[in-house]
Amino acid sequence: MEESRLRKLQRLKEEGKAYPYKFEVSHQIGDIRSKYEKPTDKRQVKVKAVVKRVSKIEEGFLLRIASPQGIEMLAITKEEIQAGKEYLLMGSLGRYESKLCIFDAKPLEEGEGLSIESLKEEYDLDPQYEEISLAGRLITLRSMGKALFGHIQDATGKIQIYLREDLLGKDVFEEFQDLVDTGDIIGVKGKLFRTKTGELTVEVQAYSLLAKSLHPMPEKWHGIKDVEVRYRQRYLDLIANEQARKIFILRSKVIQEIRNFLNREGFLEVETPILQPIASGANAKPFITYHNYLEQNLYLRIAPELYLKRLIVGGFNRVYEIGKNFRNEGVDTTHNPEFTMLEFYASYWDYEDLMNFTERLLSHVLISTVGNLKINYQGKYIDFTPPYKRYRYFELLEKKTGKDKDFFLRDVEGLRKLAKELNIPKADTLTHAKLIDKVFDVLVEDELLGPCFVLDFPKLLSPLAKSHRKDQDLVERFELFIAGKEIANAYTELNDPEEQRERFLQQLEEKEMGDEEAMQMDEDFIIALQYGMPPTGGEGIGIDRLVMILADVDSIREVILFPALRRI
RNA sequence: GAGCCGGUAGCUCAGCUCGGUAGAGCAACGGACUUUUAAUCCGUGGGUCGAGGGUUCAAAUCCCUCCCGGCUCACCA
């Protein structure tokens with residue numbers, strides 16, 4: 001903690017102003033911005049202006065450009081441009097940190113350009129001294145003697161504030177200078193205007209210090225880069241890094257739009273147990289806990305699947321659940337021990353219906369969040385326009401190895417030899433099912449770039465999926481791959497209780513042969529099936545990974561607010 | 001679990017190769033400045049160099065052990 005700030009807090013406490021209870025806010029900052037700043041729709045423009053200042057940013061060079069009258073806007077160029085000279089710049093109009101900005105600006109040799117004034121008039125409206133009251137964290141402060149500028153920020157944006165001694169009175173103005181630091185949360189009341197450079201600004205008539213920050217803020221230019229601090233003290237990341245704020249707002253929108261879509265399609269949102277007496281429904285190691293009153297072990301769910309299917313038996317024809325699953329396994333860029341899944345089930349559907357539905361669902365989510373079906377992910381172009389490519393599991397393997405389905409399903413020793421040639425670790429001891437899975441992993445997965453469905457998996461790998469109607473070696477199951485990552489897993493559900501029992505028994509054999517993740521038997525679920533489950537299609541979508549793709553980040557920790565870290 | 005990389009001021013980083021009084025910018029503190037915006041100008045203070053041990057006259061720097069994180073692999077949907 002910082003000495004000088006503690007002293008200021010002490011003074012505030014003595015005056016009874018330290019931690020007020022409430023402040024009336026008339027708007028969120030973003031509301032004000034969208035009210036007076038029109039969308040630019042990427043309009044192509046040519047603008048003639050003097051370049052006043054050039055700074056290096058990640059995207060290239062940020063230019064502050066001004067008209068002869070001193071009205072300013074921004075431009076971003078790839079090539080560095082000399083400050084102090086007049087240029088005619090061409091590019092697409094947008095907003096950078098809510099200021100008008102010419103993106104991809106290129107200097108032209110000659111021609112006529114628009115004036116900054118005319119653009120400002122069109123897109124940045126005059127707020128005409130509207131009276132407002134805003135609150136937020138003070139993130140910058142520039143003292144000019146008898147006047148003072150700063151920016152306050154909330155989750156929706158930031159806005160400039162302007163304090164003048166002659167408006168506030170000497171006492172109030174000096175008190176502000178004495179007691180307020182960057183990082184503090186303040187409320188301001190005043191009138192909206194534009195400064196002579198054209199920036200939307202609150203002329204402050206009264207202020208309140210709402211909470212003091214006893215620690216100095218991270219540096220304003222670089223933000224917080226240390227990933228360990230960003231994950232452990234996520235609030236600092238959210239204060240300092242706009243990119244982080246954007247990702248979590250996007251995540252929230254994605255989940256909301258998934259709900260909107262499913263609700264509209266007649267699905268019922270439900271909640272099923274997270275504490276389960278048997279952890280089943282997926283192949284994974286569970287977390288174990290103990291319930292004192294029931295005097296028994298419980299498991300944190302590895303999947304909600306078997307409960308959701310019980311609801312199908314109960315007659316809820318379309319159900320979904322969005323929630324955490326827990327798997328006691330490794331942590332890396334695509335795995336967190338607790339992660340968010342969407343699972344949904346629809347009676348009378350099969351996996352063909354699910355594929356079509358998945359395409360519609362993702363189209364809706366993309367259009368309503370990022371606004372486009374074509375995106376860039378880590379430098380790769382990905383087009384979500386349906387229909388997605390569909391590949392058969394064994395066709396992909398045959399293309400890679402020249403060996404057909406019979407080889408993989410009947411010639412275990414031959415397969416083991418192939419696995420060794422591929423340098424798959426522990427190839428000597430892996431079970432048949434694991435061998436197939438690994439070989440597919442190594443040979444095929446990374447190359448599945450575009451959104452594509454891999455379908456018709458071997459039955460060995462899919463104890464809850466219904467046998468394929470044309471081939472008893474296979475099941476009617478698909479996985480959706482995007483950018484080499486598995487995003488969704490779905491199948492026509494197995495609804496024959498006898499066959500389900502056999503599949504569970506087979507899993508127990510796998511477990512005895514050393515597969516720790518093989519599925520547990522759930523007798524109660526089989527009883528449910530005995531009452532009759534209609535033909536049903538069911539699917540799980542990994543929300544974290546989907547958000548990774550849409551946010552264009554390469555680590556799952558970037559889309560989980562508080563990722564799992566070792567305690568220090 | 002293995003390999004590689006990193007941890008230095010509140011933040012972003014330099015210094016480590018080749019041991020010799022721990023640096024810059026921002027932030028802070030004092031001062032000037034009533035339209036600034038990475039404000040500017042003058043001045044000041046600020047460090048368990050991740051922790052512990054070793055080598056040495058002397059260690060941020062060389063060696064060892066450990067902690068935390070990142071990436072790759074292994075494991076895993």
# chains A, B, ... in the order shown; residues from 1 in each chain; ligands from 1

$ select_by_dssp --residues "range 447-546 of chain A" --states "strand (DSSP E or B)" --output "MDAnalysis selection string"
chainID A and resid 452:455 458 465 467 474:475 477:482 485:493 536:542

$ write_last_selection --atoms "N, CA and C atoms" --output "short mmCIF file (atom, residue, chain, number, x, y, z; two decimals), in the first residue's frame"
data_model
loop_
_atom_site.label_atom_id
_atom_site.label_comp_id
_atom_site.auth_asym_id
_atom_site.auth_seq_id
_atom_site.Cartn_x
_atom_site.Cartn_y
_atom_site.Cartn_z
N CYS A 452 -15.86 -28.64 -39.17
CA CYS A 452 -16.23 -29.86 -39.89
C CYS A 452 -16.69 -30.92 -38.90
N PHE A 453 -17.55 -31.78 -39.40
CA PHE A 453 -18.05 -32.88 -38.58
C PHE A 453 -17.27 -34.14 -38.93
N VAL A 454 -16.80 -34.84 -37.90
CA VAL A 454 -16.26 -36.18 -38.10
C VAL A 454 -17.34 -37.13 -37.59
N LEU A 455 -17.79 -38.06 -38.45
CA LEU A 455 -18.92 -38.86 -38.01
C LEU A 455 -18.68 -40.36 -38.10
N PRO A 458 -16.18 -45.48 -34.00
CA PRO A 458 -16.25 -46.89 -33.61
C PRO A 458 -17.03 -47.04 -32.30
N ALA A 465 -23.70 -44.16 -27.12
CA ALA A 465 -24.28 -43.82 -28.42
C ALA A 465 -24.93 -45.02 -29.07
N SER A 467 -26.07 -47.71 -31.87
CA SER A 467 -25.39 -48.37 -32.99
C SER A 467 -25.82 -47.75 -34.31
N LEU A 474 -20.11 -49.49 -35.82
CA LEU A 474 -20.05 -48.04 -35.61
C LEU A 474 -21.22 -47.56 -34.78
N VAL A 475 -21.12 -46.31 -34.35
CA VAL A 475 -22.26 -45.67 -33.71
C VAL A 475 -22.58 -44.37 -34.47
N ARG A 477 -22.51 -41.14 -34.20
CA ARG A 477 -21.90 -40.10 -33.36
C ARG A 477 -21.07 -39.17 -34.23
N PHE A 478 -21.05 -37.89 -33.87
CA PHE A 478 -20.12 -36.99 -34.55
C PHE A 478 -19.45 -36.07 -33.56
N GLU A 479 -18.29 -35.58 -33.98
CA GLU A 479 -17.63 -34.52 -33.23
C GLU A 479 -17.45 -33.36 -34.18
N LEU A 480 -17.59 -32.14 -33.62
CA LEU A 480 -17.36 -30.94 -34.42
C LEU A 480 -15.96 -30.43 -34.11
N PHE A 481 -15.17 -30.25 -35.17
CA PHE A 481 -13.82 -29.71 -35.00
C PHE A 481 -13.72 -28.32 -35.61
N ILE A 482 -13.08 -27.42 -34.87
CA ILE A 482 -12.77 -26.09 -35.41
C ILE A 482 -11.34 -25.79 -35.03
N LYS A 485 -9.46 -28.14 -32.88
CA LYS A 485 -9.93 -28.38 -31.52
C LYS A 485 -11.30 -29.04 -31.56
N GLU A 486 -11.50 -29.98 -30.65
CA GLU A 486 -12.81 -30.58 -30.56
C GLU A 486 -13.73 -29.62 -29.81
N ILE A 487 -14.81 -29.22 -30.46
CA ILE A 487 -15.71 -28.24 -29.87
C ILE A 487 -17.01 -28.90 -29.41
N ALA A 488 -17.48 -29.89 -30.15
CA ALA A 488 -18.75 -30.51 -29.78
C ALA A 488 -18.67 -32.02 -29.99
N ASN A 489 -19.53 -32.72 -29.26
CA ASN A 489 -19.60 -34.17 -29.32
C ASN A 489 -21.08 -34.53 -29.23
N ALA A 490 -21.56 -35.35 -30.15
CA ALA A 490 -23.00 -35.59 -30.19
C ALA A 490 -23.31 -36.96 -30.74
N TYR A 491 -24.47 -37.48 -30.35
CA TYR A 491 -24.90 -38.73 -30.97
C TYR A 491 -26.40 -38.96 -30.88
N THR A 492 -26.82 -39.88 -31.72
CA THR A 492 -28.12 -40.48 -31.54
C THR A 492 -28.00 -41.33 -30.28
N GLU A 493 -28.85 -41.06 -29.27
CA GLU A 493 -28.65 -41.68 -27.97
C GLU A 493 -29.06 -43.15 -27.96
N THR A 536 -33.70 -40.20 -29.40
CA THR A 536 -33.25 -38.88 -28.94
C THR A 536 -31.88 -38.56 -29.50
N GLY A 537 -31.71 -37.28 -29.81
CA GLY A 537 -30.37 -36.81 -30.17
C GLY A 537 -29.85 -35.93 -29.06
N GLY A 538 -28.56 -36.07 -28.73
CA GLY A 538 -27.99 -35.26 -27.66
C GLY A 538 -26.61 -34.77 -28.02
N GLU A 539 -26.27 -33.56 -27.51
CA GLU A 539 -25.01 -32.96 -27.90
C GLU A 539 -24.41 -32.15 -26.76
N GLY A 540 -23.09 -32.14 -26.70
CA GLY A 540 -22.38 -31.30 -25.74
C GLY A 540 -21.47 -30.35 -26.49
N ILE A 541 -21.48 -29.08 -26.09
CA ILE A 541 -20.60 -28.09 -26.72
C ILE A 541 -19.73 -27.45 -25.65
N GLY A 542 -18.43 -27.45 -25.89
CA GLY A 542 -17.50 -26.83 -24.94
C GLY A 542 -17.51 -25.33 -25.11
#

$ interface_residues --of "chain A" --to "chain B" --cutoff "7 Å" --atoms "only C-alpha atoms (C1' of nucleotides)" --output "number ranges by chain"
A: 142, 144-147, 149, 164, 195-196, 215-216, 218-219, 221-222, 224, 228, 329-330, 568

$ select_by_dssp --residues "range 150-232 of chain A" --states "alpha helix (DSSP H)" --output "JSON, numbers by chain"
{"A": [165, 166, 167, 168, 170, 171, 172, 173, 174, 175, 176, 177, 178, 179, 227, 228, 229, 230, 231, 232]}

$ atom_distance --atom1 "CA of Leu561 in chain A" --atom2 "CA of Glu242 in chain A"
14.2 Å

$ residues_around --residues "Phe193 in chain A" --least-positions-apart "6" --cutoff "9 Å" --atoms "only C-alpha atoms (C1' of nucleotides)" --output "PyMOL selection string"
chain A and resi 126-130+199-203

$ closest_atom_pairs --of "range 434-466 of chain A" --to "range 377-394 of chain A" --cutoff "12 Å" --atoms "only C-alpha atoms" --output "Markdown table"
| residue | atom | partner | partner_atom | distance |
| --- | --- | --- | --- | --- |
| A:Ile436 | CA | A:Phe394 | CA | 10.2 |
| A:Asp437 | CA | A:Tyr393 | CA | 10.6 |
| A:Val439 | CA | A:Phe394 | CA | 11.4 |
| A:Phe440 | CA | A:Tyr393 | CA | 8.5 |
| A:Asp441 | CA | A:Tyr393 | CA | 11.2 |
| A:Leu443 | CA | A:Tyr393 | CA | 11.7 |
| A:Val444 | CA | A:Tyr393 | CA | 9.5 |
| A:Glu445 | CA | A:Tyr393 | CA | 10.7 |
| A:Leu448 | CA | A:Tyr391 | CA | 9.9 |
| A:Leu449 | CA | A:Ile382 | CA | 7.6 |
| A:Gly450 | CA | A:Ile382 | CA | 5.6 |
| A:Pro451 | CA | A:Tyr388 | CA | 5.9 |
| A:Cys452 | CA | A:Lys389 | CA | 4.8 |
| A:Phe453 | CA | A:Arg390 | CA | 4.7 |
| A:Val454 | CA | A:Tyr391 | CA | 4.9 |
| A:Leu455 | CA | A:Arg392 | CA | 4.9 |
| A:Asp456 | CA | A:Tyr393 | CA | 5.9 |
| A:Phe457 | CA | A:Tyr393 | CA | 5.8 |
| A:Pro458 | CA | A:Tyr393 | CA | 8.1 |
| A:Lys459 | CA | A:Tyr393 | CA | 11.6 |
| A:Leu461 | CA | A:Tyr393 | CA | 11.8 |

$ residues_around --residues "range 514-526 of chain A" --least-positions-apart "6" --cutoff "8 Å" --atoms "only C-alpha atoms (C1' of nucleotides)" --output "PDB file with all heavy atoms, in the first residue's frame"
ATOM      1  N   ILE A 278     -22.489 -41.313  -8.498  1.00  0.00           N
ATOM      2  CA  ILE A 278     -21.667 -42.003  -9.488  1.00  0.00           C
ATOM      3  C   ILE A 278     -21.289 -40.983 -10.545  1.00  0.00           C
ATOM      4  O   ILE A 278     -22.153 -40.275 -11.053  1.00  0.00           O
ATOM      5  CB  ILE A 278     -22.458 -43.148 -10.156  1.00  0.00           C
ATOM      6  CG1 ILE A 278     -22.750 -44.247  -9.135  1.00  0.00           C
ATOM      7  CG2 ILE A 278     -21.691 -43.703 -11.345  1.00  0.00           C
ATOM      8  CD1 ILE A 278     -23.728 -45.270  -9.652  1.00  0.00           C
ATOM      9  N   ALA A 279     -19.991 -40.889 -10.848  1.00  0.00           N
ATOM     10  CA  ALA A 279     -19.572 -39.940 -11.873  1.00  0.00           C
ATOM     11  C   ALA A 279     -19.520 -40.670 -13.203  1.00  0.00           C
ATOM     12  O   ALA A 279     -18.622 -41.467 -13.456  1.00  0.00           O
ATOM     13  CB  ALA A 279     -18.212 -39.363 -11.536  1.00  0.00           C
ATOM     14  N   SER A 280     -20.519 -40.433 -14.020  1.00  0.00           N
ATOM     15  CA  SER A 280     -20.548 -41.144 -15.296  1.00  0.00           C
ATOM     16  C   SER A 280     -20.958 -40.165 -16.398  1.00  0.00           C
ATOM     17  O   SER A 280     -21.144 -38.986 -16.157  1.00  0.00           O
ATOM     18  CB  SER A 280     -21.518 -42.325 -15.219  1.00  0.00           C
ATOM     19  OG  SER A 280     -21.264 -43.212 -16.274  1.00  0.00           O
ATOM     20  N   GLY A 281     -21.056 -40.680 -17.622  1.00  0.00           N
ATOM     21  CA  GLY A 281     -21.467 -39.835 -18.729  1.00  0.00           C
ATOM     22  C   GLY A 281     -20.304 -39.336 -19.560  1.00  0.00           C
ATOM     23  O   GLY A 281     -20.482 -38.656 -20.559  1.00  0.00           O
ATOM     24  N   ALA A 282     -19.079 -39.653 -19.137  1.00  0.00           N
ATOM     25  CA  ALA A 282     -17.900 -39.271 -19.921  1.00  0.00           C
ATOM     26  C   ALA A 282     -16.735 -40.120 -19.441  1.00  0.00           C
ATOM     27  O   ALA A 282     -16.824 -40.809 -18.432  1.00  0.00           O
ATOM     28  CB  ALA A 282     -17.585 -37.789 -19.740  1.00  0.00           C
ATOM     29  N   ASN A 283     -15.641 -40.082 -20.195  1.00  0.00           N
ATOM     30  CA  ASN A 283     -14.449 -40.803 -19.784  1.00  0.00           C
ATOM     31  C   ASN A 283     -13.488 -39.815 -19.139  1.00  0.00           C
ATOM     32  O   ASN A 283     -12.817 -39.068 -19.822  1.00  0.00           O
ATOM     33  CB  ASN A 283     -13.768 -41.448 -20.989  1.00  0.00           C
ATOM     34  CG  ASN A 283     -14.707 -42.399 -21.699  1.00  0.00           C
ATOM     35  OD1 ASN A 283     -15.455 -42.006 -22.582  1.00  0.00           O
ATOM     36  ND2 ASN A 283     -14.697 -43.632 -21.288  1.00  0.00           N
ATOM     37  N   ALA A 284     -13.444 -39.833 -17.803  1.00  0.00           N
ATOM     38  CA  ALA A 284     -12.569 -38.886 -17.126  1.00  0.00           C
ATOM     39  C   ALA A 284     -12.432 -39.266 -15.668  1.00  0.00           C
ATOM     40  O   ALA A 284     -13.288 -39.952 -15.109  1.00  0.00           O
ATOM     41  CB  ALA A 284     -13.130 -37.472 -17.227  1.00  0.00           C
ATOM     42  N   LYS A 285     -11.357 -38.785 -15.042  1.00  0.00           N
ATOM     43  CA  LYS A 285     -11.171 -38.997 -13.604  1.00  0.00           C
ATOM     44  C   LYS A 285     -11.942 -37.923 -12.844  1.00  0.00           C
ATOM     45  O   LYS A 285     -11.778 -36.737 -13.112  1.00  0.00           O
ATOM     46  CB  LYS A 285      -9.688 -38.890 -13.243  1.00  0.00           C
ATOM     47  CG  LYS A 285      -8.933 -40.187 -13.453  1.00  0.00           C
ATOM     48  CD  LYS A 285      -7.463 -40.029 -13.106  1.00  0.00           C
ATOM     49  CE  LYS A 285      -6.642 -39.957 -14.382  1.00  0.00           C
ATOM     50  NZ  LYS A 285      -5.206 -39.702 -14.160  1.00  0.00           N
ATOM     51  N   LEU A 306     -26.242 -38.264 -18.081  1.00  0.00           N
ATOM     52  CA  LEU A 306     -27.196 -39.307 -17.696  1.00  0.00           C
ATOM     53  C   LEU A 306     -28.415 -38.730 -16.978  1.00  0.00           C
ATOM     54  O   LEU A 306     -29.512 -39.291 -17.054  1.00  0.00           O
ATOM     55  CB  LEU A 306     -26.501 -40.358 -16.827  1.00  0.00           C
ATOM     56  CG  LEU A 306     -25.306 -41.045 -17.513  1.00  0.00           C
ATOM     57  CD1 LEU A 306     -24.788 -42.195 -16.650  1.00  0.00           C
ATOM     58  CD2 LEU A 306     -25.667 -41.573 -18.897  1.00  0.00           C
ATOM     59  N   ARG A 310     -32.438 -38.805 -18.209  1.00  0.00           N
ATOM     60  CA  ARG A 310     -33.540 -39.192 -17.313  1.00  0.00           C
ATOM     61  C   ARG A 310     -34.726 -38.226 -17.502  1.00  0.00           C
ATOM     62  O   ARG A 310     -35.884 -38.613 -17.386  1.00  0.00           O
ATOM     63  CB  ARG A 310     -33.093 -39.152 -15.850  1.00  0.00           C
ATOM     64  CG  ARG A 310     -32.220 -40.324 -15.399  1.00  0.00           C
ATOM     65  CD  ARG A 310     -31.669 -39.984 -14.023  1.00  0.00           C
ATOM     66  NE  ARG A 310     -31.022 -41.075 -13.326  1.00  0.00           N
ATOM     67  CZ  ARG A 310     -29.722 -41.345 -13.374  1.00  0.00           C
ATOM     68  NH1 ARG A 310     -28.916 -40.643 -14.148  1.00  0.00           N
ATOM     69  NH2 ARG A 310     -29.210 -42.339 -12.654  1.00  0.00           N
ATOM     70  N   LEU A 430      -1.599 -49.975 -24.076  1.00  0.00           N
ATOM     71  CA  LEU A 430      -2.905 -49.342 -24.287  1.00  0.00           C
ATOM     72  C   LEU A 430      -3.964 -50.357 -24.687  1.00  0.00           C
ATOM     73  O   LEU A 430      -3.666 -51.363 -25.345  1.00  0.00           O
ATOM     74  CB  LEU A 430      -2.789 -48.275 -25.386  1.00  0.00           C
ATOM     75  CG  LEU A 430      -2.053 -46.986 -25.009  1.00  0.00           C
ATOM     76  CD1 LEU A 430      -1.958 -46.059 -26.203  1.00  0.00           C
ATOM     77  CD2 LEU A 430      -2.733 -46.281 -23.851  1.00  0.00           C
ATOM     78  N   THR A 431      -5.205 -50.084 -24.281  1.00  0.00           N
ATOM     79  CA  THR A 431      -6.298 -50.951 -24.699  1.00  0.00           C
ATOM     80  C   THR A 431      -6.612 -50.687 -26.165  1.00  0.00           C
ATOM     81  O   THR A 431      -6.210 -49.679 -26.737  1.00  0.00           O
ATOM     82  CB  THR A 431      -7.571 -50.676 -23.876  1.00  0.00           C
ATOM     83  OG1 THR A 431      -7.970 -49.317 -24.111  1.00  0.00           O
ATOM     84  CG2 THR A 431      -7.322 -50.869 -22.390  1.00  0.00           C
ATOM     85  N   PRO A 497     -32.107 -50.466 -23.029  1.00  0.00           N
ATOM     86  CA  PRO A 497     -31.481 -50.678 -21.715  1.00  0.00           C
ATOM     87  C   PRO A 497     -30.564 -51.894 -21.685  1.00  0.00           C
ATOM     88  O   PRO A 497     -29.540 -51.883 -21.008  1.00  0.00           O
ATOM     89  CB  PRO A 497     -32.675 -50.851 -20.769  1.00  0.00           C
ATOM     90  CG  PRO A 497     -33.853 -51.126 -21.640  1.00  0.00           C
ATOM     91  CD  PRO A 497     -33.574 -50.502 -22.976  1.00  0.00           C
ATOM     92  N   GLN A 500     -27.397 -51.009 -23.351  1.00  0.00           N
ATOM     93  CA  GLN A 500     -26.676 -50.059 -22.504  1.00  0.00           C
ATOM     94  C   GLN A 500     -25.931 -50.782 -21.394  1.00  0.00           C
ATOM     95  O   GLN A 500     -24.785 -50.464 -21.089  1.00  0.00           O
ATOM     96  CB  GLN A 500     -27.638 -49.015 -21.913  1.00  0.00           C
ATOM     97  CG  GLN A 500     -26.946 -47.945 -21.089  1.00  0.00           C
ATOM     98  CD  GLN A 500     -26.005 -47.080 -21.904  1.00  0.00           C
ATOM     99  OE1 GLN A 500     -26.420 -46.205 -22.657  1.00  0.00           O
ATOM    100  NE2 GLN A 500     -24.709 -47.333 -21.791  1.00  0.00           N
ATOM    101  N   ARG A 501     -26.595 -51.800 -20.811  1.00  0.00           N
ATOM    102  CA  ARG A 501     -25.939 -52.559 -19.743  1.00  0.00           C
ATOM    103  C   ARG A 501     -24.674 -53.240 -20.272  1.00  0.00           C
ATOM    104  O   ARG A 501     -23.615 -53.188 -19.656  1.00  0.00           O
ATOM    105  CB  ARG A 501     -26.875 -53.606 -19.149  1.00  0.00           C
ATOM    106  CG  ARG A 501     -26.233 -54.380 -17.988  1.00  0.00           C
ATOM    107  CD  ARG A 501     -27.080 -55.543 -17.543  1.00  0.00           C
ATOM    108  NE  ARG A 501     -28.403 -55.118 -17.102  1.00  0.00           N
ATOM    109  CZ  ARG A 501     -28.654 -54.628 -15.888  1.00  0.00           C
ATOM    110  NH1 ARG A 501     -27.675 -54.502 -15.015  1.00  0.00           N
ATOM    111  NH2 ARG A 501     -29.874 -54.267 -15.557  1.00  0.00           N
ATOM    112  N   PHE A 504     -21.884 -50.753 -20.688  1.00  0.00           N
ATOM    113  CA  PHE A 504     -21.276 -50.408 -19.397  1.00  0.00           C
ATOM    114  C   PHE A 504     -20.338 -51.530 -18.952  1.00  0.00           C
ATOM    115  O   PHE A 504     -19.241 -51.283 -18.457  1.00  0.00           O
ATOM    116  CB  PHE A 504     -22.359 -50.188 -18.333  1.00  0.00           C
ATOM    117  CG  PHE A 504     -22.927 -48.791 -18.287  1.00  0.00           C
ATOM    118  CD1 PHE A 504     -24.295 -48.574 -18.098  1.00  0.00           C
ATOM    119  CD2 PHE A 504     -22.095 -47.681 -18.390  1.00  0.00           C
ATOM    120  CE1 PHE A 504     -24.818 -47.299 -18.032  1.00  0.00           C
ATOM    121  CE2 PHE A 504     -22.614 -46.389 -18.320  1.00  0.00           C
ATOM    122  CZ  PHE A 504     -23.980 -46.193 -18.152  1.00  0.00           C
ATOM    123  N   LEU A 505     -20.796 -52.789 -19.134  1.00  0.00           N
ATOM    124  CA  LEU A 505     -19.960 -53.918 -18.729  1.00  0.00           C
ATOM    125  C   LEU A 505     -18.651 -53.927 -19.499  1.00  0.00           C
ATOM    126  O   LEU A 505     -17.577 -54.186 -18.944  1.00  0.00           O
ATOM    127  CB  LEU A 505     -20.716 -55.238 -18.942  1.00  0.00           C
ATOM    128  CG  LEU A 505     -21.852 -55.477 -17.945  1.00  0.00           C
ATOM    129  CD1 LEU A 505     -22.683 -56.708 -18.333  1.00  0.00           C
ATOM    130  CD2 LEU A 505     -21.305 -55.633 -16.519  1.00  0.00           C
ATOM    131  N   GLN A 507     -17.182 -51.323 -20.591  1.00  0.00           N
ATOM    132  CA  GLN A 507     -16.379 -50.257 -20.008  1.00  0.00           C
ATOM    133  C   GLN A 507     -15.667 -50.747 -18.746  1.00  0.00           C
ATOM    134  O   GLN A 507     -14.521 -50.398 -18.506  1.00  0.00           O
ATOM    135  CB  GLN A 507     -17.261 -49.042 -19.670  1.00  0.00           C
ATOM    136  CG  GLN A 507     -17.680 -48.239 -20.880  1.00  0.00           C
ATOM    137  CD  GLN A 507     -16.502 -47.525 -21.524  1.00  0.00           C
ATOM    138  OE1 GLN A 507     -15.798 -46.757 -20.896  1.00  0.00           O
ATOM    139  NE2 GLN A 507     -16.275 -47.823 -22.801  1.00  0.00           N
ATOM    140  N   LEU A 508     -16.392 -51.562 -17.958  1.00  0.00           N
ATOM    141  CA  LEU A 508     -15.762 -52.083 -16.748  1.00  0.00           C
ATOM    142  C   LEU A 508     -14.579 -52.966 -17.101  1.00  0.00           C
ATOM    143  O   LEU A 508     -13.552 -52.975 -16.424  1.00  0.00           O
ATOM    144  CB  LEU A 508     -16.792 -52.854 -15.913  1.00  0.00           C
ATOM    145  CG  LEU A 508     -17.909 -51.982 -15.326  1.00  0.00           C
ATOM    146  CD1 LEU A 508     -18.868 -52.823 -14.481  1.00  0.00           C
ATOM    147  CD2 LEU A 508     -17.345 -50.830 -14.495  1.00  0.00           C
TER     148      LEU A 508
END

$ residues_around --residues "range 48-64 of chain B" --least-positions-apart "6" --cutoff "9 Å" --atoms "only C-alpha atoms (C1' of nucleotides)" --output "ChimeraX atom specification"
/B:7-8,15-16,19-20,22

$ write_last_selection --atoms "C-alpha atoms (C1' of nucleotides)" --output "PDB file, in the first residue's frame"
ATOM      1  C1'   G B   7      10.423 -14.058 -11.992  1.00  0.00           C
ATOM      2  C1'   U B   8      14.802  -7.000 -10.913  1.00  0.00           C
ATOM      3  C1'   G B  15      21.437  -4.803 -16.463  1.00  0.00           C
ATOM      4  C1'   C B  16      23.307 -11.252 -16.202  1.00  0.00           C
ATOM      5  C1'   G B  19      31.145 -10.786 -10.747  1.00  0.00           C
ATOM      6  C1'   G B  20      33.096  -4.609  -8.713  1.00  0.00           C
ATOM      7  C1'   A B  22      21.012  -1.606  -8.827  1.00  0.00           C
TER       8        A B  22
END

$ atom_distance --atom1 "CA of Asn356 in chain A" --atom2 "CA of Thr369 in chain A"
20.2 Å
